[in-house]
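structure-v6.txt follows; it contains compact mmCIF, C-alpha atoms and all ligand atoms.
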```
# COMPACT_ATOMS: atom_id res chain seq x y z
CA MET A 984 11.30 19.00 12.93
CA PHE A 985 11.24 17.71 9.33
CA HIS A 986 10.89 13.95 9.88
CA ARG A 987 10.51 11.67 12.90
CA ASN A 988 14.12 10.49 12.40
CA GLY A 989 15.40 14.01 11.77
CA PRO A 990 16.90 16.56 14.16
CA THR A 991 14.75 18.34 16.74
CA PHE A 992 14.47 22.14 16.86
CA PHE A 993 16.93 22.21 19.77
CA GLU A 994 19.43 19.99 17.95
CA LEU A 995 19.28 22.31 14.94
CA ALA A 996 19.73 25.34 17.20
CA GLU A 997 22.78 23.71 18.81
CA GLN A 998 24.18 23.00 15.35
CA ALA A 999 23.67 26.62 14.27
CA MET A 1000 25.57 27.86 17.33
CA SER A 1001 28.59 25.65 16.56
CA SER A 1002 31.34 25.95 13.97
CA LEU A 1003 30.52 24.55 10.51
CA GLU A 1004 32.67 21.48 11.17
CA ARG A 1005 31.21 20.71 14.60
CA GLY A 1006 27.69 21.66 13.51
CA TYR A 1007 27.74 19.11 10.69
CA ASP A 1008 29.41 16.52 12.91
CA LEU A 1009 26.45 16.91 15.28
CA LEU A 1010 23.95 16.64 12.44
CA ALA A 1011 25.59 13.82 10.46
CA ASP A 1012 23.46 10.90 11.72
CA LYS A 1013 20.21 12.74 11.04
CA PHE A 1014 21.21 14.82 8.02
CA ASP A 1015 19.52 12.54 5.47
CA TYR A 1016 16.17 13.31 7.12
CA THR A 1017 16.51 17.06 6.58
CA PRO A 1018 15.62 19.13 3.50
CA TYR A 1019 19.27 20.24 3.36
CA ARG A 1020 20.32 16.97 1.76
CA THR A 1021 20.16 17.23 -2.03
CA PRO A 1022 17.44 14.85 -3.30
CA ASP A 1023 18.64 11.82 -5.30
CA ALA A 1024 16.41 12.84 -8.21
CA ILE A 1025 18.23 16.17 -8.59
CA VAL A 1026 21.70 14.60 -8.58
CA GLU A 1027 20.65 11.84 -10.98
CA ARG A 1028 18.99 14.31 -13.37
CA CYS A 1029 22.20 16.36 -13.39
CA LEU A 1030 24.45 13.44 -14.19
CA ALA A 1031 22.25 11.21 -16.36
CA ASP A 1032 23.25 12.59 -19.77
CA LEU A 1033 26.82 13.50 -18.79
CA ALA A 1034 28.30 10.11 -17.96
CA GLY A 1035 27.11 6.50 -18.19
CA PRO A 1036 28.43 3.56 -16.14
CA GLY A 1037 32.24 3.47 -16.07
CA GLU A 1038 32.60 6.35 -18.53
CA LEU A 1039 34.75 8.49 -16.25
CA SER A 1040 38.18 7.66 -14.97
CA SER A 1041 37.60 9.60 -11.71
CA ALA A 1042 35.36 12.28 -10.22
CA ILE A 1043 35.30 14.44 -7.11
CA ASP A 1044 32.41 15.78 -5.04
CA LEU A 1045 33.12 18.95 -3.04
CA CYS A 1046 31.30 19.47 0.27
CA CYS A 1047 30.09 15.90 -0.17
CA GLY A 1048 28.02 15.76 3.03
CA THR A 1049 26.54 12.28 3.49
CA GLY A 1050 27.28 11.27 -0.10
CA ALA A 1051 24.24 12.35 -2.15
CA SER A 1052 26.47 12.85 -5.19
CA LEU A 1053 29.35 10.53 -4.29
CA GLN A 1054 27.09 7.48 -4.39
CA ARG A 1055 25.89 8.42 -7.88
CA LEU A 1056 29.37 9.21 -9.15
CA ARG A 1057 30.86 5.88 -8.12
CA PRO A 1058 29.10 3.71 -10.74
CA ARG A 1059 30.18 6.22 -13.40
CA CYS A 1060 33.89 5.96 -12.49
CA ARG A 1061 36.35 3.22 -13.40
CA ASP A 1062 39.22 4.11 -11.12
CA HIS A 1063 38.28 6.17 -8.08
CA VAL A 1064 35.80 8.64 -6.68
CA THR A 1065 36.74 11.32 -4.14
CA GLY A 1066 34.67 13.14 -1.55
CA VAL A 1067 35.85 16.23 0.36
CA ASP A 1068 34.15 17.74 3.39
CA LEU A 1069 35.05 19.72 6.51
CA SER A 1070 33.10 17.37 8.76
CA ARG A 1071 34.48 13.96 9.68
CA GLY A 1072 31.01 12.78 10.72
CA MET A 1073 29.54 13.65 7.32
CA LEU A 1074 32.49 12.03 5.54
CA GLU A 1075 32.00 8.75 7.41
CA ARG A 1076 28.40 8.70 6.18
CA ALA A 1077 29.49 9.58 2.64
CA ARG A 1078 32.03 6.77 2.55
CA ALA A 1079 29.43 4.23 3.72
CA ALA A 1080 26.89 5.45 1.13
CA ALA A 1081 29.43 5.39 -1.72
CA GLU A 1082 30.78 1.97 -0.79
CA ALA A 1083 27.23 0.60 -0.76
CA ALA A 1084 26.63 2.00 -4.26
CA GLU A 1085 27.17 0.01 -7.45
CA GLY A 1086 30.58 -0.04 -9.08
CA SER A 1087 34.09 -0.95 -8.11
CA ALA A 1088 35.80 2.46 -8.19
CA ARG A 1089 37.91 3.06 -5.08
CA VAL A 1090 36.26 5.47 -2.63
CA GLU A 1091 38.55 8.18 -1.22
CA CYS A 1092 37.36 10.62 1.44
CA HIS A 1093 39.36 13.65 2.55
CA GLN A 1094 38.61 15.95 5.44
CA GLY A 1095 39.45 19.52 4.44
CA ASP A 1096 38.37 22.94 3.27
CA VAL A 1097 37.44 23.07 -0.41
CA LEU A 1098 38.95 26.56 -0.56
CA SER A 1099 42.39 25.02 0.07
CA PRO A 1100 42.70 22.02 -2.24
CA GLN A 1101 45.41 19.50 -1.41
CA PRO A 1102 47.58 17.58 -3.91
CA ALA A 1103 46.20 14.30 -2.50
CA TRP A 1104 42.74 15.22 -3.79
CA GLY A 1105 43.98 14.71 -7.37
CA GLN A 1106 42.69 15.99 -10.71
CA HIS A 1107 39.49 14.63 -12.20
CA GLU A 1108 37.32 14.48 -15.30
CA LEU A 1109 34.27 15.66 -13.38
CA ALA A 1110 33.62 17.67 -10.22
CA THR A 1111 30.30 18.29 -8.50
CA CYS A 1112 29.17 20.49 -5.63
CA PHE A 1113 25.58 20.43 -4.36
CA GLY A 1114 23.78 22.29 -1.61
CA ALA A 1115 26.86 24.00 -0.18
CA PHE A 1116 27.33 27.37 -1.90
CA GLY A 1117 25.59 29.07 1.01
CA HIS A 1118 28.63 28.21 3.13
CA ILE A 1119 31.09 29.89 0.75
CA LEU A 1120 31.25 33.61 1.48
CA GLU A 1121 30.83 35.88 -1.53
CA ARG A 1122 34.37 37.21 -1.08
CA ASP A 1123 35.67 33.61 -1.26
CA GLU A 1124 33.80 32.68 -4.45
CA PRO A 1125 36.70 33.61 -6.82
CA ARG A 1126 39.00 31.45 -4.67
CA PHE A 1127 36.45 28.64 -4.76
CA VAL A 1128 36.33 28.75 -8.58
CA ARG A 1129 40.14 28.63 -8.75
CA ALA A 1130 40.10 25.66 -6.39
CA VAL A 1131 37.60 23.82 -8.61
CA ARG A 1132 39.74 24.56 -11.67
CA SER A 1133 42.82 23.12 -9.98
CA LEU A 1134 40.92 19.89 -9.24
CA LEU A 1135 39.92 19.36 -12.88
CA GLU A 1136 41.99 18.00 -15.75
CA PRO A 1137 41.96 20.24 -18.86
CA GLY A 1138 38.60 19.50 -20.50
CA GLY A 1139 37.14 18.45 -17.14
CA ARG A 1140 33.62 19.52 -16.21
CA PHE A 1141 32.22 21.16 -13.07
CA VAL A 1142 28.54 20.33 -12.58
CA PHE A 1143 26.23 22.11 -10.17
CA VAL A 1144 22.76 23.51 -9.67
CA THR A 1145 21.91 27.16 -9.15
CA ALA A 1146 19.15 29.61 -10.11
CA GLU A 1147 18.50 33.06 -11.47
CA PRO A 1148 18.23 35.56 -8.61
CA PRO A 1149 14.60 35.96 -7.47
CA SER A 1150 12.86 39.20 -8.31
CA MET A 1151 13.18 41.93 -5.67
CA THR A 1152 9.40 42.05 -5.50
CA SER A 1153 9.07 38.36 -4.53
CA ALA A 1154 8.45 37.11 -0.99
CA SER A 1155 11.31 34.60 -1.34
CA TYR A 1156 13.79 37.41 -2.03
CA TRP A 1157 12.84 39.23 1.17
CA ARG A 1158 12.72 36.00 3.23
CA SER A 1159 16.26 35.20 2.08
CA ARG A 1160 17.45 38.74 2.84
CA ALA A 1161 15.90 38.60 6.32
CA PHE A 1162 17.57 35.24 7.00
CA ASN A 1163 20.93 36.60 5.82
CA ALA A 1164 20.57 39.66 8.05
CA ALA A 1165 19.82 37.45 11.08
CA MET A 1166 22.83 35.26 10.24
CA ARG A 1167 25.10 38.32 10.01
CA VAL A 1168 23.95 39.40 13.48
CA ARG A 1169 24.53 35.87 14.86
CA ASN A 1170 28.01 35.79 13.33
CA ALA A 1171 28.88 39.27 14.61
CA LEU A 1172 27.85 38.36 18.17
CA PHE A 1173 28.94 34.75 18.57
CA ASP A 1174 32.06 32.73 17.96
CA PRO A 1175 32.68 30.43 16.18
CA PRO A 1176 30.91 31.74 13.08
CA PHE A 1177 28.45 29.57 11.17
CA PRO A 1178 28.50 31.00 7.62
CA MET A 1179 25.26 30.13 5.85
CA TYR A 1180 23.66 32.61 3.48
CA TYR A 1181 21.04 32.46 0.74
CA LEU A 1182 21.25 33.97 -2.76
CA THR A 1183 24.92 33.08 -3.23
CA PHE A 1184 26.71 31.85 -6.39
CA MET A 1185 23.60 32.57 -8.43
CA LEU A 1186 23.69 32.20 -12.20
CA PRO A 1187 24.95 35.57 -13.48
CA ARG A 1188 27.78 35.83 -10.92
CA ALA A 1189 28.71 32.14 -11.11
CA ARG A 1190 28.90 32.38 -14.90
CA ALA A 1191 31.08 35.52 -14.78
CA LEU A 1192 33.48 34.04 -12.22
CA LEU A 1193 33.79 30.76 -14.11
CA GLU A 1194 34.37 32.45 -17.47
CA GLN A 1195 37.07 34.64 -15.91
CA GLU A 1196 38.87 31.49 -14.78
CA GLY A 1197 38.83 29.84 -18.21
CA PHE A 1198 35.63 27.81 -18.10
CA GLU A 1199 33.08 27.51 -20.89
CA VAL A 1200 29.65 27.61 -19.28
CA ARG A 1201 26.58 25.72 -20.50
CA VAL A 1202 23.27 26.21 -18.69
CA THR A 1203 20.29 23.84 -18.97
CA HIS A 1204 16.86 25.18 -18.05
CA GLY A 1205 13.73 23.06 -17.57
CA LEU A 1206 15.57 19.96 -16.32
CA PHE A 1207 13.88 19.67 -12.92
CA ALA A 1208 10.25 18.95 -12.06
CA PRO A 1209 8.32 21.12 -9.54
CA PRO A 1210 9.06 22.14 -6.83
CA PHE A 1211 12.64 22.37 -8.17
CA ASP A 1212 11.74 23.88 -11.54
CA ARG A 1213 13.34 27.26 -10.84
CA TYR A 1214 16.77 25.59 -10.67
CA VAL A 1215 19.13 25.25 -13.61
CA ARG A 1216 21.99 22.86 -14.19
CA VAL A 1217 25.36 24.36 -15.03
CA VAL A 1218 28.12 22.41 -16.76
CA ALA A 1219 31.32 24.46 -16.76
CA THR A 1220 34.12 22.95 -18.84
CA ARG A 1221 37.74 23.83 -18.10
CA VAL A 1222 38.97 24.96 -21.51
CA ARG A 1223 42.32 26.41 -20.44
C1 LIG A 1301 24.05 21.36 3.32
S1 LIG A 1301 25.37 20.19 3.34
C2 LIG A 1301 25.25 19.52 1.68
C3 LIG A 1301 25.79 18.11 1.59
C4 LIG A 1301 25.68 17.43 0.24
N1 LIG A 1301 26.53 18.06 -0.76
C5 LIG A 1301 24.26 17.42 -0.23
O1 LIG A 1301 23.96 18.15 -1.18
O2 LIG A 1301 23.45 16.69 0.32
C6 LIG A 1301 26.83 21.20 3.22
C7 LIG A 1301 28.12 20.40 3.42
O3 LIG A 1301 29.21 21.25 3.04
C8 LIG A 1301 30.29 21.06 3.95
N2 LIG A 1301 31.12 22.26 3.87
C9 LIG A 1301 30.76 23.53 4.08
N3 LIG A 1301 31.77 24.37 3.85
C10 LIG A 1301 32.83 23.60 3.46
C11 LIG A 1301 34.17 23.88 3.09
N4 LIG A 1301 34.64 25.14 3.03
N5 LIG A 1301 34.98 22.85 2.75
C12 LIG A 1301 34.51 21.57 2.80
N6 LIG A 1301 33.25 21.26 3.15
C13 LIG A 1301 32.42 22.25 3.48
C14 LIG A 1301 29.59 20.83 5.28
O4 LIG A 1301 30.44 20.19 6.22
C15 LIG A 1301 28.39 19.99 4.86
O5 LIG A 1301 28.68 18.61 4.91
```
The structure given in the file should be rewritten as structure tokens.
Ligand SMILES: C[S@@+](CC[C@H](N)C(=O)[O-])C[C@H]1O[C@@H](n2cnc3c(N)ncnc32)[C@H](O)[C@@H]1O
Amino acid sequence: MFHRNGPTFFELAEQAMSSLERGYDLLADKFDYTPYRTPDAIVERCLADLAGPGELSSAIDLCCGTGASLQRLRPRCRDHVTGVDLSRGMLERARAAAEAAEGSARVECHQGDVLSPQPAWGQHELATCFGAFGHILERDEPRFVRAVRSLLEPGGRFVFVTAEPPSMTSASYWRSRAFNAAMRVRNALFDPPFPMYYLTFMLPRARALLEQEGFEVRVTHGLFAPPFDRYVRVVATRVR
């Protein structure tokens, strides 16, 4: 549908009728040819001024997918870099991408739910999460923020991309609402659910949740070139 090496319409439909874990397992080999993979330029732009080569002891990428962020975190870490994802298929891809990247930091991959962090995932100087907030239900966002906090050392930073909510008069607002409504119907009628919603963890709510959990939030506008110029980078530092 998106690229000759990407998934067909029917493969995407099969994915959307599966659980999140199975859906991404099915998609893993072709995921890098879909628009759902965060572009390298976005990840690099987010990290460029935050950490140079070997400046971090360790970092973690949540919902790492095929490794868009993991492969850029590895050269910046001296000790180890950790990826977490529900899907084993995506994790295998992420490990291969990170191990092919520059640097000598150990690559650790853990299959699991980011809402339930495990002691083995460690505590890090930097955490990232890209392209996955749509899978975290609004009611789980406070739990997600607590999970991120528990994975950071005091002073550690959580880096991600979000946006201001679109105006209610814009076409994109109504397209997103229509998609969310269709997804709610799909999830009410069919098991297992495939939670994927637009307009989640947007700037005002993300900021409020992070500040409540003891983060200091810094937002950078104007970092990304079109067509990504409506996005902002958030660096949330764990201050307590
Ligand atoms: C759209 S992909 C994004 C992948 C990658 N971060 C990127 O930006 O290219 C979403 C990823 O989040 C993972 N995921 C969704 N919900 C998750 C959860 N609760 N815990 C762990 N991984 C999750 C999926 O398995 C999938 O690999």
(message) What does the structure give for the distance between CA of Met1185 (chain A) and CA of Leu1003 (chain A), in Å to one decimal?
(response) 21.7 Å
(request) Could you give me, as a ChimeraX atom specification, every polymer residue with an atom at most 6 Å away from an atom of ligand LIG 1301 (chain A), counting all atoms listed in the file? (result) /A:1004,1007,1019-1021,1046-1048,1051,1068-1070,1073,1095-1098,1113-1115,1118
Contacts between region 1194-1202 of chain A and region 1055-1169 of chain A, please, where a residue of region 1055-1169 of chain A counts if it comes within 12 Å (with all atoms listed in the file); show its shortest atom pair and distance in Å to one decimal, rows by chain and ascending number, as CSV.
```
residue,atom,partner,partner_atom,distance
A:Glu1124,CA,A:Glu1196,CA,11.6
A:Pro1125,CA,A:Glu1196,CA,8.5
A:Arg1126,CA,A:Glu1196,CA,10.1
A:Phe1127,CA,A:Glu1196,CA,10.7
A:Val1128,CA,A:Glu1196,CA,7.2
A:Arg1129,CA,A:Glu1196,CA,6.8
A:Ala1130,CA,A:Glu1196,CA,10.3
A:Val1131,CA,A:Glu1196,CA,9.9
A:Arg1132,CA,A:Glu1196,CA,7.6
A:Ser1133,CA,A:Glu1196,CA,10.4
A:Leu1135,CA,A:Phe1198,CA,10.8
A:Glu1136,CA,A:Phe1198,CA,11.9
A:Pro1137,CA,A:Phe1198,CA,9.9
A:Gly1138,CA,A:Phe1198,CA,9.1
A:Gly1139,CA,A:Phe1198,CA,9.5
A:Arg1140,CA,A:Phe1198,CA,8.7
A:Phe1141,CA,A:Phe1198,CA,9.0
A:Val1142,CA,A:Arg1201,CA,9.8
A:Phe1143,CA,A:Val1202,CA,9.9
A:Val1144,CA,A:Val1202,CA,9.4
A:Thr1145,CA,A:Val1202,CA,9.7
A:Ala1146,CA,A:Val1202,CA,10.1
A:Glu1147,CA,A:Val1202,CA,11.0
```
Go ahead and fit an axis-aligned box to every listed atom of region 1075-1082 of chain A plus 5 Å each side, and pass me the centre and edge lengths in Å, one decimal, as lines of an AutoDock Vina configuration file.
```
center_x = 29.5
center_y = 5.8
center_z = 2.8
size_x = 15.1
size_y = 17.6
size_z = 19.1
```
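The spacing separating CA of Ala1011 (chain A) from CA of Glu1075 (chain A) amounts to 8.7 Å.
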(message) For a test of reading the model, state the distance in Å between CA of Glu1038 (chain A) and CA of Arg1061 (chain A), rounded to one decimal.
(response) 7.1 Å
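Around Ala1110 (chain A), within 6 Å and counting all atoms listed in the file, the residues found are Ala1042, Ile1043, Asp1044 and Phe1141 of chain A, once anything fewer than 5 positions away on its own chain is removed.
Nearest-residue note for Thr1049 (chain A): choosing from A:Leu1030, A:Leu1120, A:Met1151, A:Leu1010, the minimum distance belongs to A:Leu1010, counting all atoms listed in the file.
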Please supply region 1189-1223 of chain A, rebuilt with N, CA and C atoms, as a short mmCIF file (atom, residue, chain, number, x, y, z; two decimals), in the coordinates of the input.
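Below is the file out_13.cif, written as the result:
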```cif
data_model
loop_
_atom_site.label_atom_id
_atom_site.label_comp_id
_atom_site.auth_asym_id
_atom_site.auth_seq_id
_atom_site.Cartn_x
_atom_site.Cartn_y
_atom_site.Cartn_z
N ALA A 1189 27.98 33.40 -10.94
CA ALA A 1189 28.71 32.14 -11.11
C ALA A 1189 29.27 32.06 -12.52
N ARG A 1190 28.45 32.42 -13.50
CA ARG A 1190 28.90 32.38 -14.90
C ARG A 1190 30.10 33.30 -15.10
N ALA A 1191 29.99 34.54 -14.59
CA ALA A 1191 31.08 35.52 -14.78
C ALA A 1191 32.37 35.02 -14.13
N LEU A 1192 32.27 34.50 -12.92
CA LEU A 1192 33.48 34.04 -12.22
C LEU A 1192 34.11 32.86 -12.95
N LEU A 1193 33.27 31.94 -13.42
CA LEU A 1193 33.79 30.76 -14.11
C LEU A 1193 34.44 31.15 -15.44
N GLU A 1194 33.80 32.05 -16.17
CA GLU A 1194 34.37 32.45 -17.47
C GLU A 1194 35.72 33.16 -17.28
N GLN A 1195 35.78 33.97 -16.21
CA GLN A 1195 37.07 34.64 -15.91
C GLN A 1195 38.20 33.65 -15.67
N GLU A 1196 37.84 32.49 -15.12
CA GLU A 1196 38.87 31.49 -14.78
C GLU A 1196 39.09 30.47 -15.88
N GLY A 1197 38.54 30.73 -17.08
CA GLY A 1197 38.83 29.84 -18.21
C GLY A 1197 37.87 28.67 -18.36
N PHE A 1198 36.65 28.84 -17.90
CA PHE A 1198 35.63 27.81 -18.10
C PHE A 1198 34.68 28.24 -19.22
N GLU A 1199 34.17 27.26 -19.94
CA GLU A 1199 33.08 27.51 -20.89
C GLU A 1199 31.81 27.03 -20.20
N VAL A 1200 30.81 27.89 -20.14
CA VAL A 1200 29.65 27.61 -19.28
C VAL A 1200 28.42 27.27 -20.12
N ARG A 1201 27.82 26.11 -19.81
CA ARG A 1201 26.58 25.72 -20.50
C ARG A 1201 25.49 25.56 -19.44
N VAL A 1202 24.35 26.21 -19.69
CA VAL A 1202 23.27 26.21 -18.69
C VAL A 1202 22.06 25.48 -19.27
N THR A 1203 21.50 24.54 -18.51
CA THR A 1203 20.29 23.84 -18.97
C THR A 1203 19.11 24.23 -18.09
N HIS A 1204 18.10 24.82 -18.75
CA HIS A 1204 16.86 25.18 -18.05
C HIS A 1204 15.85 24.03 -18.24
N GLY A 1205 14.86 23.98 -17.38
CA GLY A 1205 13.73 23.06 -17.57
C GLY A 1205 14.07 21.60 -17.31
N LEU A 1206 15.14 21.35 -16.55
CA LEU A 1206 15.57 19.96 -16.32
C LEU A 1206 14.83 19.34 -15.12
N PHE A 1207 14.40 20.19 -14.19
CA PHE A 1207 13.88 19.67 -12.92
C PHE A 1207 12.37 19.89 -12.81
N ALA A 1208 11.70 18.87 -12.25
CA ALA A 1208 10.25 18.95 -12.06
C ALA A 1208 9.94 19.82 -10.84
N PRO A 1209 8.71 20.39 -10.75
CA PRO A 1209 8.32 21.12 -9.54
C PRO A 1209 8.50 20.23 -8.31
N PRO A 1210 8.90 20.72 -7.17
CA PRO A 1210 9.06 22.14 -6.83
C PRO A 1210 10.47 22.67 -7.12
N PHE A 1211 11.24 21.95 -7.94
CA PHE A 1211 12.64 22.37 -8.17
C PHE A 1211 12.79 23.05 -9.53
N ASP A 1212 11.67 23.43 -10.15
CA ASP A 1212 11.74 23.88 -11.54
C ASP A 1212 12.38 25.25 -11.73
N ARG A 1213 12.66 25.98 -10.63
CA ARG A 1213 13.34 27.26 -10.84
C ARG A 1213 14.87 27.07 -10.90
N TYR A 1214 15.32 25.84 -10.64
CA TYR A 1214 16.77 25.59 -10.67
C TYR A 1214 17.25 25.27 -12.08
N VAL A 1215 18.51 25.58 -12.32
CA VAL A 1215 19.13 25.25 -13.61
C VAL A 1215 20.38 24.41 -13.34
N ARG A 1216 20.72 23.59 -14.31
CA ARG A 1216 21.99 22.86 -14.19
C ARG A 1216 23.06 23.62 -14.96
N VAL A 1217 24.22 23.72 -14.35
CA VAL A 1217 25.36 24.36 -15.03
C VAL A 1217 26.44 23.31 -15.24
N VAL A 1218 26.94 23.24 -16.47
CA VAL A 1218 28.12 22.41 -16.76
C VAL A 1218 29.19 23.37 -17.23
N ALA A 1219 30.23 23.53 -16.43
CA ALA A 1219 31.32 24.46 -16.76
C ALA A 1219 32.54 23.61 -17.12
N THR A 1220 33.00 23.77 -18.36
CA THR A 1220 34.12 22.95 -18.84
C THR A 1220 35.41 23.76 -18.76
N ARG A 1221 36.44 23.16 -18.19
CA ARG A 1221 37.74 23.83 -18.10
C ARG A 1221 38.39 23.79 -19.48
N VAL A 1222 38.41 24.95 -20.16
CA VAL A 1222 38.97 24.96 -21.51
C VAL A 1222 40.42 25.45 -21.54
N ARG A 1223 40.89 26.06 -20.47
CA ARG A 1223 42.32 26.41 -20.44
C ARG A 1223 42.86 26.28 -19.02
#
```
